[in-house]
Each structure stands twice: as C-alpha cells, then as structure tokens.
>>> print(open('model-v6.txt').read())   # compact mmCIF, N, CA and C atoms
# COMPACT_ATOMS: atom_id res chain seq x y z
N MET A 1 99.73 71.62 176.79
CA MET A 1 100.02 71.42 175.41
C MET A 1 100.54 72.72 174.83
N LYS A 2 101.68 72.65 174.21
CA LYS A 2 102.32 73.82 173.63
C LYS A 2 102.43 73.64 172.11
N LEU A 3 101.97 74.65 171.36
CA LEU A 3 102.04 74.60 169.89
C LEU A 3 103.21 75.45 169.42
N SER A 4 103.89 74.93 168.49
CA SER A 4 105.03 75.65 167.91
C SER A 4 104.54 76.44 166.70
N ALA A 5 104.94 77.70 166.61
CA ALA A 5 104.50 78.57 165.52
C ALA A 5 105.23 78.27 164.21
N SER A 6 106.40 77.78 164.28
CA SER A 6 107.12 77.52 163.04
C SER A 6 107.40 76.04 162.90
N ARG A 7 107.12 75.55 161.78
CA ARG A 7 107.40 74.16 161.46
C ARG A 7 108.28 74.13 160.25
N SER A 8 109.27 73.37 160.21
CA SER A 8 110.15 73.30 159.05
C SER A 8 109.75 72.12 158.18
N LEU A 9 109.81 72.37 156.85
CA LEU A 9 109.50 71.32 155.88
C LEU A 9 110.74 70.48 155.65
N PRO A 10 110.55 69.25 155.33
CA PRO A 10 111.72 68.42 155.08
C PRO A 10 112.47 68.91 153.85
N HIS A 11 113.76 68.88 153.86
CA HIS A 11 114.62 69.35 152.77
C HIS A 11 114.78 68.24 151.73
N THR A 12 114.44 68.54 150.48
CA THR A 12 114.50 67.51 149.44
C THR A 12 115.87 67.43 148.80
N GLY A 13 116.67 68.43 148.95
CA GLY A 13 118.01 68.43 148.37
C GLY A 13 118.07 69.02 146.98
N GLN A 14 116.94 69.42 146.39
CA GLN A 14 116.95 69.99 145.04
C GLN A 14 116.26 71.34 145.08
N LEU A 15 117.04 72.38 144.77
CA LEU A 15 116.49 73.73 144.84
C LEU A 15 116.19 74.32 143.46
N GLY A 16 116.71 73.75 142.39
CA GLY A 16 116.50 74.29 141.06
C GLY A 16 116.99 73.32 140.01
N PHE A 17 117.15 73.84 138.81
CA PHE A 17 117.62 73.03 137.70
C PHE A 17 119.14 73.09 137.63
N THR A 18 119.73 72.02 137.20
CA THR A 18 121.18 72.03 137.00
C THR A 18 121.49 72.60 135.64
N LEU A 19 122.71 72.97 135.43
CA LEU A 19 123.14 73.52 134.14
C LEU A 19 122.93 72.52 133.02
N ILE A 20 123.16 71.28 133.27
CA ILE A 20 122.99 70.25 132.24
C ILE A 20 121.52 70.13 131.84
N GLU A 21 120.62 70.19 132.80
CA GLU A 21 119.19 70.11 132.48
C GLU A 21 118.76 71.30 131.63
N ILE A 22 119.24 72.46 131.96
CA ILE A 22 118.91 73.66 131.17
C ILE A 22 119.47 73.53 129.76
N LEU A 23 120.70 73.06 129.61
CA LEU A 23 121.31 72.90 128.29
C LEU A 23 120.54 71.88 127.45
N ILE A 24 120.08 70.80 128.07
CA ILE A 24 119.31 69.80 127.34
C ILE A 24 118.01 70.40 126.81
N VAL A 25 117.34 71.18 127.63
CA VAL A 25 116.10 71.84 127.20
C VAL A 25 116.38 72.81 126.06
N VAL A 26 117.45 73.58 126.15
CA VAL A 26 117.81 74.54 125.09
C VAL A 26 118.10 73.79 123.78
N VAL A 27 118.81 72.68 123.86
CA VAL A 27 119.12 71.89 122.65
C VAL A 27 117.84 71.34 122.03
N ILE A 28 116.95 70.82 122.86
CA ILE A 28 115.68 70.29 122.34
C ILE A 28 114.86 71.39 121.67
N LEU A 29 114.79 72.55 122.30
CA LEU A 29 114.07 73.68 121.69
C LEU A 29 114.72 74.11 120.37
N GLY A 30 116.04 74.09 120.31
CA GLY A 30 116.74 74.43 119.08
C GLY A 30 116.44 73.46 117.96
N ILE A 31 116.40 72.17 118.28
CA ILE A 31 116.07 71.16 117.27
C ILE A 31 114.65 71.34 116.77
N LEU A 32 113.72 71.55 117.69
CA LEU A 32 112.32 71.78 117.29
C LEU A 32 112.19 73.03 116.42
N ALA A 33 112.86 74.09 116.81
CA ALA A 33 112.81 75.32 116.01
C ALA A 33 113.40 75.09 114.63
N GLY A 34 114.47 74.32 114.57
CA GLY A 34 115.09 74.03 113.27
C GLY A 34 114.19 73.23 112.35
N LEU A 35 113.31 72.43 112.91
CA LEU A 35 112.39 71.64 112.11
C LEU A 35 111.13 72.41 111.74
N ILE A 36 110.65 73.26 112.64
CA ILE A 36 109.36 73.92 112.45
C ILE A 36 109.47 75.26 111.73
N VAL A 37 110.45 76.06 112.07
CA VAL A 37 110.55 77.42 111.52
C VAL A 37 110.63 77.44 109.99
N PRO A 38 111.44 76.59 109.34
CA PRO A 38 111.46 76.64 107.87
C PRO A 38 110.10 76.37 107.24
N ARG A 39 109.32 75.51 107.85
CA ARG A 39 107.98 75.22 107.31
C ARG A 39 107.05 76.41 107.47
N ILE A 40 107.17 77.10 108.57
CA ILE A 40 106.32 78.27 108.81
C ILE A 40 106.74 79.43 107.90
N MET A 41 108.05 79.61 107.71
CA MET A 41 108.55 80.72 106.91
C MET A 41 108.19 80.55 105.43
N ASP A 42 107.95 79.34 104.98
CA ASP A 42 107.63 79.08 103.58
C ASP A 42 106.16 79.39 103.28
N ARG A 43 105.32 79.53 104.27
CA ARG A 43 103.89 79.75 104.08
C ARG A 43 103.54 81.01 103.28
N PRO A 44 104.15 82.16 103.52
CA PRO A 44 103.79 83.34 102.73
C PRO A 44 104.02 83.14 101.23
N ASP A 45 105.11 82.46 100.87
CA ASP A 45 105.37 82.21 99.46
C ASP A 45 104.32 81.28 98.87
N GLN A 46 103.96 80.25 99.61
CA GLN A 46 102.92 79.33 99.16
C GLN A 46 101.59 80.06 99.01
N ALA A 47 101.29 80.95 99.92
CA ALA A 47 100.03 81.70 99.86
C ALA A 47 99.98 82.59 98.62
N ARG A 48 101.10 83.20 98.27
CA ARG A 48 101.13 84.05 97.07
C ARG A 48 100.92 83.22 95.81
N VAL A 49 101.49 82.03 95.76
CA VAL A 49 101.30 81.16 94.59
C VAL A 49 99.84 80.75 94.47
N VAL A 50 99.24 80.35 95.57
CA VAL A 50 97.82 79.95 95.56
C VAL A 50 96.94 81.13 95.15
N ALA A 51 97.23 82.32 95.66
CA ALA A 51 96.44 83.51 95.30
C ALA A 51 96.56 83.82 93.81
N ALA A 52 97.78 83.71 93.27
CA ALA A 52 97.97 83.98 91.84
C ALA A 52 97.20 82.97 90.99
N LYS A 53 97.25 81.70 91.37
CA LYS A 53 96.51 80.68 90.63
C LYS A 53 95.01 80.94 90.70
N ASN A 54 94.52 81.33 91.87
CA ASN A 54 93.09 81.65 92.00
C ASN A 54 92.70 82.85 91.17
N ASP A 55 93.54 83.88 91.12
CA ASP A 55 93.27 85.06 90.29
C ASP A 55 93.20 84.68 88.82
N ILE A 56 94.13 83.85 88.37
CA ILE A 56 94.15 83.43 86.96
C ILE A 56 92.88 82.65 86.64
N GLN A 57 92.50 81.74 87.52
CA GLN A 57 91.28 80.95 87.30
C GLN A 57 90.05 81.84 87.28
N ALA A 58 90.01 82.86 88.14
CA ALA A 58 88.87 83.79 88.15
C ALA A 58 88.78 84.57 86.85
N ILE A 59 89.92 84.99 86.31
CA ILE A 59 89.92 85.72 85.04
C ILE A 59 89.46 84.81 83.91
N ILE A 60 89.94 83.57 83.89
CA ILE A 60 89.52 82.63 82.84
C ILE A 60 88.02 82.40 82.91
N SER A 61 87.49 82.19 84.10
CA SER A 61 86.05 81.97 84.26
C SER A 61 85.25 83.20 83.83
N ALA A 62 85.71 84.37 84.21
CA ALA A 62 85.02 85.61 83.83
C ALA A 62 85.04 85.80 82.31
N LEU A 63 86.16 85.48 81.67
CA LEU A 63 86.24 85.59 80.21
C LEU A 63 85.26 84.62 79.53
N LYS A 64 85.15 83.43 80.07
CA LYS A 64 84.21 82.46 79.49
C LYS A 64 82.78 82.94 79.64
N LEU A 65 82.42 83.49 80.81
CA LEU A 65 81.07 84.03 81.00
C LEU A 65 80.81 85.21 80.07
N TYR A 66 81.80 86.07 79.93
CA TYR A 66 81.67 87.23 79.03
C TYR A 66 81.37 86.75 77.61
N ARG A 67 82.14 85.75 77.16
CA ARG A 67 81.94 85.24 75.80
C ARG A 67 80.58 84.57 75.67
N LEU A 68 80.17 83.84 76.70
CA LEU A 68 78.86 83.19 76.67
C LEU A 68 77.74 84.23 76.55
N ASP A 69 77.84 85.33 77.29
CA ASP A 69 76.81 86.38 77.26
C ASP A 69 76.86 87.21 75.99
N ASN A 70 78.06 87.47 75.47
CA ASN A 70 78.21 88.47 74.40
C ASN A 70 78.66 87.89 73.06
N GLY A 71 78.95 86.62 73.00
CA GLY A 71 79.30 85.99 71.72
C GLY A 71 80.76 86.07 71.35
N SER A 72 81.54 86.87 72.05
CA SER A 72 82.98 86.97 71.78
C SER A 72 83.68 87.49 73.02
N TYR A 73 84.98 87.34 73.01
CA TYR A 73 85.79 87.87 74.12
C TYR A 73 85.94 89.38 73.95
N PRO A 74 86.31 90.10 75.00
CA PRO A 74 86.58 91.53 74.84
C PRO A 74 87.70 91.74 73.82
N SER A 75 87.63 92.83 73.09
CA SER A 75 88.67 93.12 72.09
C SER A 75 89.97 93.52 72.81
N SER A 76 91.04 93.52 72.06
CA SER A 76 92.32 93.96 72.64
C SER A 76 92.23 95.40 73.12
N GLN A 77 91.48 96.21 72.38
CA GLN A 77 91.29 97.62 72.76
C GLN A 77 90.54 97.71 74.10
N GLN A 78 89.54 96.87 74.31
CA GLN A 78 88.75 96.90 75.54
C GLN A 78 89.52 96.27 76.70
N GLY A 79 90.29 95.25 76.41
CA GLY A 79 91.11 94.60 77.42
C GLY A 79 90.30 93.92 78.51
N LEU A 80 91.00 93.50 79.55
CA LEU A 80 90.34 92.82 80.67
C LEU A 80 89.48 93.77 81.50
N GLU A 81 89.67 95.07 81.31
CA GLU A 81 88.84 96.05 82.00
C GLU A 81 87.35 95.85 81.67
N ALA A 82 87.07 95.22 80.49
CA ALA A 82 85.69 94.95 80.10
C ALA A 82 85.02 93.95 81.03
N LEU A 83 85.79 93.23 81.82
CA LEU A 83 85.22 92.29 82.78
C LEU A 83 84.73 92.98 84.05
N VAL A 84 85.20 94.21 84.27
CA VAL A 84 84.86 94.96 85.47
C VAL A 84 83.87 96.08 85.15
N LYS A 85 84.08 96.74 84.01
CA LYS A 85 83.29 97.91 83.63
C LYS A 85 82.82 97.75 82.18
N ARG A 86 81.58 98.11 81.92
CA ARG A 86 81.02 97.97 80.56
C ARG A 86 81.84 98.80 79.57
N PRO A 87 82.31 98.17 78.51
CA PRO A 87 83.09 98.91 77.51
C PRO A 87 82.28 100.02 76.86
N GLU A 88 82.94 101.14 76.62
CA GLU A 88 82.27 102.28 75.99
C GLU A 88 82.82 102.55 74.60
N SER A 89 83.75 101.73 74.15
CA SER A 89 84.31 101.91 72.80
C SER A 89 84.43 100.55 72.13
N GLY A 90 84.66 100.59 70.84
CA GLY A 90 84.79 99.35 70.09
C GLY A 90 83.44 98.67 69.94
N ASP A 91 83.44 97.36 69.87
CA ASP A 91 82.22 96.58 69.74
C ASP A 91 81.58 96.47 71.12
N ILE A 92 80.64 97.38 71.40
CA ILE A 92 80.03 97.44 72.73
C ILE A 92 79.08 96.25 72.90
N PRO A 93 79.30 95.44 73.94
CA PRO A 93 78.47 94.24 74.13
C PRO A 93 77.04 94.60 74.53
N LEU A 94 76.08 93.92 73.92
CA LEU A 94 74.67 94.19 74.20
C LEU A 94 74.19 93.46 75.45
N ASN A 95 74.79 92.34 75.77
CA ASN A 95 74.32 91.53 76.91
C ASN A 95 75.27 91.61 78.10
N TRP A 96 76.01 92.69 78.19
CA TRP A 96 76.95 92.84 79.32
C TRP A 96 76.15 92.88 80.61
N LYS A 97 76.56 92.09 81.58
CA LYS A 97 75.81 91.97 82.83
C LYS A 97 76.15 93.09 83.81
N PRO A 98 75.15 93.76 84.36
CA PRO A 98 75.40 94.79 85.38
C PRO A 98 76.16 94.19 86.56
N GLY A 99 77.09 94.91 87.06
CA GLY A 99 77.92 94.41 88.15
C GLY A 99 79.20 93.79 87.65
N GLY A 100 79.26 93.54 86.35
CA GLY A 100 80.49 93.01 85.76
C GLY A 100 80.69 91.54 85.99
N TYR A 101 81.80 91.07 85.50
CA TYR A 101 82.15 89.66 85.60
C TYR A 101 83.20 89.41 86.67
N LEU A 102 83.87 90.45 87.06
CA LEU A 102 84.83 90.42 88.16
C LEU A 102 84.60 91.65 89.02
N GLU A 103 84.83 91.50 90.31
CA GLU A 103 84.70 92.64 91.21
C GLU A 103 85.81 93.66 90.96
N ARG A 104 87.00 93.13 90.74
CA ARG A 104 88.16 93.99 90.45
C ARG A 104 89.16 93.16 89.66
N LEU A 105 90.04 93.83 88.97
CA LEU A 105 91.11 93.12 88.27
C LEU A 105 92.30 92.95 89.20
N PRO A 106 92.78 91.74 89.35
CA PRO A 106 93.99 91.56 90.17
C PRO A 106 95.19 92.09 89.41
N GLU A 107 96.27 92.34 90.13
CA GLU A 107 97.51 92.74 89.46
C GLU A 107 98.06 91.52 88.75
N ILE A 108 98.17 91.63 87.44
CA ILE A 108 98.61 90.48 86.66
C ILE A 108 99.71 90.87 85.70
N ASP A 109 100.40 89.87 85.24
CA ASP A 109 101.43 90.03 84.23
C ASP A 109 101.21 88.92 83.22
N VAL A 110 100.63 89.26 82.08
CA VAL A 110 100.34 88.28 81.05
C VAL A 110 101.47 88.31 80.04
N PHE A 111 102.00 87.12 79.70
CA PHE A 111 103.09 87.09 78.74
C PHE A 111 103.13 85.78 77.97
N SER A 112 103.88 85.80 76.88
CA SER A 112 104.14 84.62 76.08
C SER A 112 105.63 84.58 75.80
N PHE A 113 106.22 83.38 75.79
CA PHE A 113 107.64 83.25 75.49
C PHE A 113 107.92 83.40 74.00
N GLY A 114 106.94 83.53 73.16
CA GLY A 114 107.15 83.67 71.74
C GLY A 114 107.11 82.32 71.04
N ALA A 115 107.45 82.34 69.75
CA ALA A 115 107.33 81.13 68.92
C ALA A 115 108.22 80.00 69.41
N ASP A 116 109.38 80.31 69.96
CA ASP A 116 110.29 79.25 70.41
C ASP A 116 109.94 78.70 71.79
N ARG A 117 108.98 79.34 72.47
CA ARG A 117 108.52 78.92 73.81
C ARG A 117 109.64 78.87 74.83
N LYS A 118 110.63 79.77 74.67
CA LYS A 118 111.75 79.88 75.60
C LYS A 118 111.92 81.35 75.98
N PRO A 119 112.41 81.63 77.18
CA PRO A 119 112.65 83.02 77.56
C PRO A 119 113.65 83.69 76.62
N GLY A 120 113.42 84.97 76.33
CA GLY A 120 114.32 85.72 75.46
C GLY A 120 113.95 85.51 74.00
N GLY A 121 114.89 85.77 73.13
CA GLY A 121 114.66 85.57 71.70
C GLY A 121 114.46 86.87 70.97
N GLU A 122 114.46 86.77 69.65
CA GLU A 122 114.28 87.94 68.79
C GLU A 122 113.21 87.65 67.75
N ASN A 123 112.71 88.72 67.14
CA ASN A 123 111.66 88.63 66.12
C ASN A 123 110.47 87.83 66.64
N TYR A 124 110.10 86.75 65.94
CA TYR A 124 108.93 85.97 66.36
C TYR A 124 109.20 85.13 67.61
N ASP A 125 110.47 84.94 67.95
CA ASP A 125 110.82 84.19 69.15
C ASP A 125 110.87 85.09 70.40
N ALA A 126 110.72 86.40 70.23
CA ALA A 126 110.82 87.34 71.34
C ALA A 126 109.66 87.19 72.31
N ASP A 127 109.94 87.44 73.59
CA ASP A 127 108.90 87.41 74.61
C ASP A 127 107.96 88.58 74.39
N VAL A 128 106.68 88.33 74.59
CA VAL A 128 105.67 89.37 74.48
C VAL A 128 104.88 89.34 75.78
N GLY A 129 104.66 90.51 76.36
CA GLY A 129 103.91 90.54 77.61
C GLY A 129 103.22 91.86 77.81
N SER A 130 102.50 91.94 78.90
CA SER A 130 101.77 93.16 79.21
C SER A 130 102.71 94.33 79.41
N TRP A 131 103.98 94.07 79.71
CA TRP A 131 104.97 95.13 79.89
C TRP A 131 105.45 95.68 78.56
N THR A 132 105.17 95.00 77.41
CA THR A 132 105.63 95.48 76.12
C THR A 132 104.55 96.24 75.37
N LEU A 133 103.35 96.33 75.91
CA LEU A 133 102.25 97.00 75.19
C LEU A 133 102.35 98.49 75.29
>>> encode(input="model-v6.txt", output="structure tokens")
Amino acid sequence: MKLSASRSLPHTGQLGFTLIEILIVVVILGILAGLIVPRIMDRPDQARVVAAKNDIQAIISALKLYRLDNGSYPSSQQGLEALVKRPESGDIPLNWKPGGYLERLPEIDVFSFGADRKPGGENYDADVGSWTL
C-alpha cells in the first residue's frame, strides 16, 4: 500500500469576485450610506435643540421655586445669577436655599421681538435682548 503525500482538491472554477459583483456591492453600500448618513449627521443639531429646551425649562422651574421660597422673582439688578448664588445687593431674600436653585447658569440669550412681535423694528417695536443690556 502506497500513500500519496499530495492530494489535489477539486477545482470549483471560481477563484474570486467578478467586477460586476463588486460594483453591485458598492452601489448597495452607496444607497445605504445615502439613506443613513443624513439622519446621523442631523443628530448633533437635534441634540443642541433638546439641550436648549431643557436649559430653558430648568431656568423656569428654578425661578418658580425661587419665587415660592422668597415671595418674588429676583430683581433685574440681581438677575438670574440669584438662582446660583445668594444675592448680596438689592432686596436680599430671607429664605434663599443653600446650594441655590441651579447648579450653574447655562449660556442663554433672552430676548423679545418688541411690541410688534416681529424681528427688527424701532422704538417700542425694537428687539430687546440680553445683548442690549
């Protein structure tokens, strides 16, 4: 009995992918990317909008708690800083809670479109905001 050291495997006739198969895969990946990438790229903008809405709601809630504890909102002179740090000027609140009403003030831009409720305008119709103070 003699054993052969090399045995050949049957040849299937297919050694790799054809150019057409590769092109089909590339086209499918392109279509998927075209559908998915715009949705993913929009997420940072959506996250910023949600964060801004949450910051505004937190400020509103903190102002309500401040008023509940102290009988009035912080004065214009004290500003929103009174929600983070006990005011030392003006009408100093007697029931201000240690630790404050907010951990920190978010970066905000508070504004009003004026009497006409439209952007721009003059006199009483002029926009008023934190940038004009």
>>> atom_distance(input="model-v6.txt", atom1="atom C of Leu105 (chain A)", atom2="atom C of Val50 (chain A)")
14.0 Å
>>> axis_aligned_box(input="model-v6.txt", around="region 107-110 of chain A", padding_each_side="4 Å", output="AutoDock Vina command-line options")
--center_x 98.9 --center_y 90.5 --center_z 85.1 --size_x 13.2 --size_y 12.5 --size_z 18.1
>>> residues_near_point(input="model-v6.txt", point="(85.2, 97.4, 73.3)", cutoff="7 Å", atoms="all atoms listed in the file", output="PDB file with N, CA and C atoms, keeping the file's coordinate frame")
ATOM      1  N   PRO A  74      86.310  90.100  75.000  1.00  0.00           N
ATOM      2  CA  PRO A  74      86.580  91.530  74.840  1.00  0.00           C
ATOM      3  C   PRO A  74      87.700  91.740  73.820  1.00  0.00           C
ATOM      4  N   SER A  75      87.630  92.830  73.090  1.00  0.00           N
ATOM      5  CA  SER A  75      88.670  93.120  72.090  1.00  0.00           C
ATOM      6  C   SER A  75      89.970  93.520  72.810  1.00  0.00           C
ATOM      7  N   GLN A  77      91.480  96.210  72.380  1.00  0.00           N
ATOM      8  CA  GLN A  77      91.290  97.620  72.760  1.00  0.00           C
ATOM      9  C   GLN A  77      90.540  97.710  74.100  1.00  0.00           C
ATOM     10  N   GLN A  78      89.540  96.870  74.310  1.00  0.00           N
ATOM     11  CA  GLN A  78      88.750  96.900  75.540  1.00  0.00           C
ATOM     12  C   GLN A  78      89.520  96.270  76.700  1.00  0.00           C
ATOM     13  N   GLY A  79      90.290  95.250  76.410  1.00  0.00           N
ATOM     14  CA  GLY A  79      91.110  94.600  77.420  1.00  0.00           C
ATOM     15  C   GLY A  79      90.300  93.920  78.510  1.00  0.00           C
ATOM     16  N   PRO A  87      82.310  98.170  78.510  1.00  0.00           N
ATOM     17  CA  PRO A  87      83.090  98.910  77.510  1.00  0.00           C
ATOM     18  C   PRO A  87      82.280 100.020  76.860  1.00  0.00           C
ATOM     19  N   GLU A  88      82.940 101.140  76.620  1.00  0.00           N
ATOM     20  CA  GLU A  88      82.270 102.280  75.990  1.00  0.00           C
ATOM     21  C   GLU A  88      82.820 102.550  74.600  1.00  0.00           C
ATOM     22  N   SER A  89      83.750 101.730  74.150  1.00  0.00           N
ATOM     23  CA  SER A  89      84.310 101.910  72.800  1.00  0.00           C
ATOM     24  C   SER A  89      84.430 100.550  72.130  1.00  0.00           C
ATOM     25  N   GLY A  90      84.660 100.590  70.840  1.00  0.00           N
ATOM     26  CA  GLY A  90      84.790  99.350  70.090  1.00  0.00           C
ATOM     27  C   GLY A  90      83.440  98.670  69.940  1.00  0.00           C
ATOM     28  N   ASP A  91      83.440  97.360  69.870  1.00  0.00           N
ATOM     29  CA  ASP A  91      82.220  96.580  69.740  1.00  0.00           C
ATOM     30  C   ASP A  91      81.580  96.470  71.120  1.00  0.00           C
ATOM     31  N   ILE A  92      80.640  97.380  71.400  1.00  0.00           N
ATOM     32  CA  ILE A  92      80.030  97.440  72.730  1.00  0.00           C
ATOM     33  C   ILE A  92      79.080  96.250  72.900  1.00  0.00           C
ATOM     34  N   PRO A  93      79.300  95.440  73.940  1.00  0.00           N
ATOM     35  CA  PRO A  93      78.470  94.240  74.130  1.00  0.00           C
ATOM     36  C   PRO A  93      77.040  94.600  74.530  1.00  0.00           C
TER      37      PRO A  93
END
>>> closest_residue(input="model-v6.txt", among="A:Leu35, A:Asp55, A:Ile60, A:Leu94", to="Glu107 (chain A)", atoms="all atoms listed in the file")
A:Asp55
>>> atom_distance(input="model-v6.txt", atom1="CA of Ala52 (chain A)", atom2="atom N of Asp109 (chain A)")
9.2 Å
>>> select_by_dssp(input="model-v6.txt", residues="region 2-124 of chain A", states="helix (DSSP H, G or I)", output="VMD selection string")
chain A and resid 19 to 41 43 to 70 80 to 83 123 to 124
>>> atom_distance(input="model-v6.txt", atom1="atom C of Gly129 (chain A)", atom2="CA of Phe111 (chain A)")
4.9 Å
>>> select_by_dssp(input="model-v6.txt", residues="chain A", states="strand (DSSP E or B)", output="count of residues only")
4
>>> closest_residue(input="model-v6.txt", among="A:Val26, A:Pro38, A:Ala33, A:Leu102", to="Ala62 (chain A)", atoms="only C-alpha atoms")
A:Leu102
>>> build_atoms(input="model-v6.txt", residues="region 23-32 of chain A", atoms="all heavy atoms", output="PDB file, in the coordinates of the input")
ATOM      1  N   LEU A  23     120.700  73.060 129.610  1.00  0.00           N
ATOM      2  CA  LEU A  23     121.310  72.900 128.290  1.00  0.00           C
ATOM      3  C   LEU A  23     120.540  71.880 127.450  1.00  0.00           C
ATOM      4  O   LEU A  23     120.358  72.067 126.240  1.00  0.00           O
ATOM      5  CB  LEU A  23     122.779  72.492 128.418  1.00  0.00           C
ATOM      6  CG  LEU A  23     123.725  73.597 128.894  1.00  0.00           C
ATOM      7  CD1 LEU A  23     125.126  73.039 129.104  1.00  0.00           C
ATOM      8  CD2 LEU A  23     123.742  74.746 127.911  1.00  0.00           C
ATOM      9  N   ILE A  24     120.080  70.800 128.070  1.00  0.00           N
ATOM     10  CA  ILE A  24     119.310  69.800 127.340  1.00  0.00           C
ATOM     11  C   ILE A  24     118.010  70.400 126.810  1.00  0.00           C
ATOM     12  O   ILE A  24     117.633  70.193 125.661  1.00  0.00           O
ATOM     13  CB  ILE A  24     119.038  68.563 128.240  1.00  0.00           C
ATOM     14  CG1 ILE A  24     120.348  67.802 128.467  1.00  0.00           C
ATOM     15  CG2 ILE A  24     117.981  67.657 127.621  1.00  0.00           C
ATOM     16  CD1 ILE A  24     120.246  66.684 129.478  1.00  0.00           C
ATOM     17  N   VAL A  25     117.340  71.180 127.630  1.00  0.00           N
ATOM     18  CA  VAL A  25     116.100  71.840 127.200  1.00  0.00           C
ATOM     19  C   VAL A  25     116.380  72.810 126.060  1.00  0.00           C
ATOM     20  O   VAL A  25     115.643  72.859 125.065  1.00  0.00           O
ATOM     21  CB  VAL A  25     115.419  72.555 128.391  1.00  0.00           C
ATOM     22  CG1 VAL A  25     114.277  73.440 127.917  1.00  0.00           C
ATOM     23  CG2 VAL A  25     114.931  71.544 129.405  1.00  0.00           C
ATOM     24  N   VAL A  26     117.450  73.580 126.150  1.00  0.00           N
ATOM     25  CA  VAL A  26     117.810  74.540 125.090  1.00  0.00           C
ATOM     26  C   VAL A  26     118.100  73.790 123.780  1.00  0.00           C
ATOM     27  O   VAL A  26     117.656  74.212 122.699  1.00  0.00           O
ATOM     28  CB  VAL A  26     118.995  75.419 125.521  1.00  0.00           C
ATOM     29  CG1 VAL A  26     119.536  76.214 124.348  1.00  0.00           C
ATOM     30  CG2 VAL A  26     118.574  76.346 126.641  1.00  0.00           C
ATOM     31  N   VAL A  27     118.810  72.680 123.860  1.00  0.00           N
ATOM     32  CA  VAL A  27     119.120  71.890 122.650  1.00  0.00           C
ATOM     33  C   VAL A  27     117.840  71.340 122.030  1.00  0.00           C
ATOM     34  O   VAL A  27     117.647  71.393 120.811  1.00  0.00           O
ATOM     35  CB  VAL A  27     120.124  70.767 122.988  1.00  0.00           C
ATOM     36  CG1 VAL A  27     120.231  69.775 121.843  1.00  0.00           C
ATOM     37  CG2 VAL A  27     121.487  71.351 123.310  1.00  0.00           C
ATOM     38  N   ILE A  28     116.950  70.820 122.860  1.00  0.00           N
ATOM     39  CA  ILE A  28     115.680  70.290 122.340  1.00  0.00           C
ATOM     40  C   ILE A  28     114.860  71.390 121.670  1.00  0.00           C
ATOM     41  O   ILE A  28     114.309  71.201 120.585  1.00  0.00           O
ATOM     42  CB  ILE A  28     114.874  69.609 123.472  1.00  0.00           C
ATOM     43  CG1 ILE A  28     115.590  68.326 123.917  1.00  0.00           C
ATOM     44  CG2 ILE A  28     113.444  69.305 123.029  1.00  0.00           C
ATOM     45  CD1 ILE A  28     114.993  67.696 125.160  1.00  0.00           C
ATOM     46  N   LEU A  29     114.790  72.550 122.300  1.00  0.00           N
ATOM     47  CA  LEU A  29     114.070  73.680 121.690  1.00  0.00           C
ATOM     48  C   LEU A  29     114.720  74.110 120.370  1.00  0.00           C
ATOM     49  O   LEU A  29     114.034  74.447 119.406  1.00  0.00           O
ATOM     50  CB  LEU A  29     113.997  74.860 122.659  1.00  0.00           C
ATOM     51  CG  LEU A  29     113.083  74.669 123.869  1.00  0.00           C
ATOM     52  CD1 LEU A  29     113.201  75.853 124.816  1.00  0.00           C
ATOM     53  CD2 LEU A  29     111.654  74.475 123.445  1.00  0.00           C
ATOM     54  N   GLY A  30     116.040  74.090 120.310  1.00  0.00           N
ATOM     55  CA  GLY A  30     116.740  74.430 119.080  1.00  0.00           C
ATOM     56  C   GLY A  30     116.440  73.460 117.960  1.00  0.00           C
ATOM     57  O   GLY A  30     116.231  73.851 116.806  1.00  0.00           O
ATOM     58  N   ILE A  31     116.400  72.170 118.280  1.00  0.00           N
ATOM     59  CA  ILE A  31     116.070  71.160 117.270  1.00  0.00           C
ATOM     60  C   ILE A  31     114.650  71.340 116.770  1.00  0.00           C
ATOM     61  O   ILE A  31     114.384  71.314 115.567  1.00  0.00           O
ATOM     62  CB  ILE A  31     116.282  69.740 117.850  1.00  0.00           C
ATOM     63  CG1 ILE A  31     117.776  69.477 118.064  1.00  0.00           C
ATOM     64  CG2 ILE A  31     115.691  68.679 116.931  1.00  0.00           C
ATOM     65  CD1 ILE A  31     118.089  68.213 118.843  1.00  0.00           C
ATOM     66  N   LEU A  32     113.720  71.550 117.690  1.00  0.00           N
ATOM     67  CA  LEU A  32     112.320  71.780 117.290  1.00  0.00           C
ATOM     68  C   LEU A  32     112.190  73.030 116.420  1.00  0.00           C
ATOM     69  O   LEU A  32     111.468  73.031 115.423  1.00  0.00           O
ATOM     70  CB  LEU A  32     111.422  71.877 118.519  1.00  0.00           C
ATOM     71  CG  LEU A  32     111.190  70.578 119.287  1.00  0.00           C
ATOM     72  CD1 LEU A  32     110.405  70.850 120.563  1.00  0.00           C
ATOM     73  CD2 LEU A  32     110.458  69.578 118.417  1.00  0.00           C
TER      74      LEU A  32
END
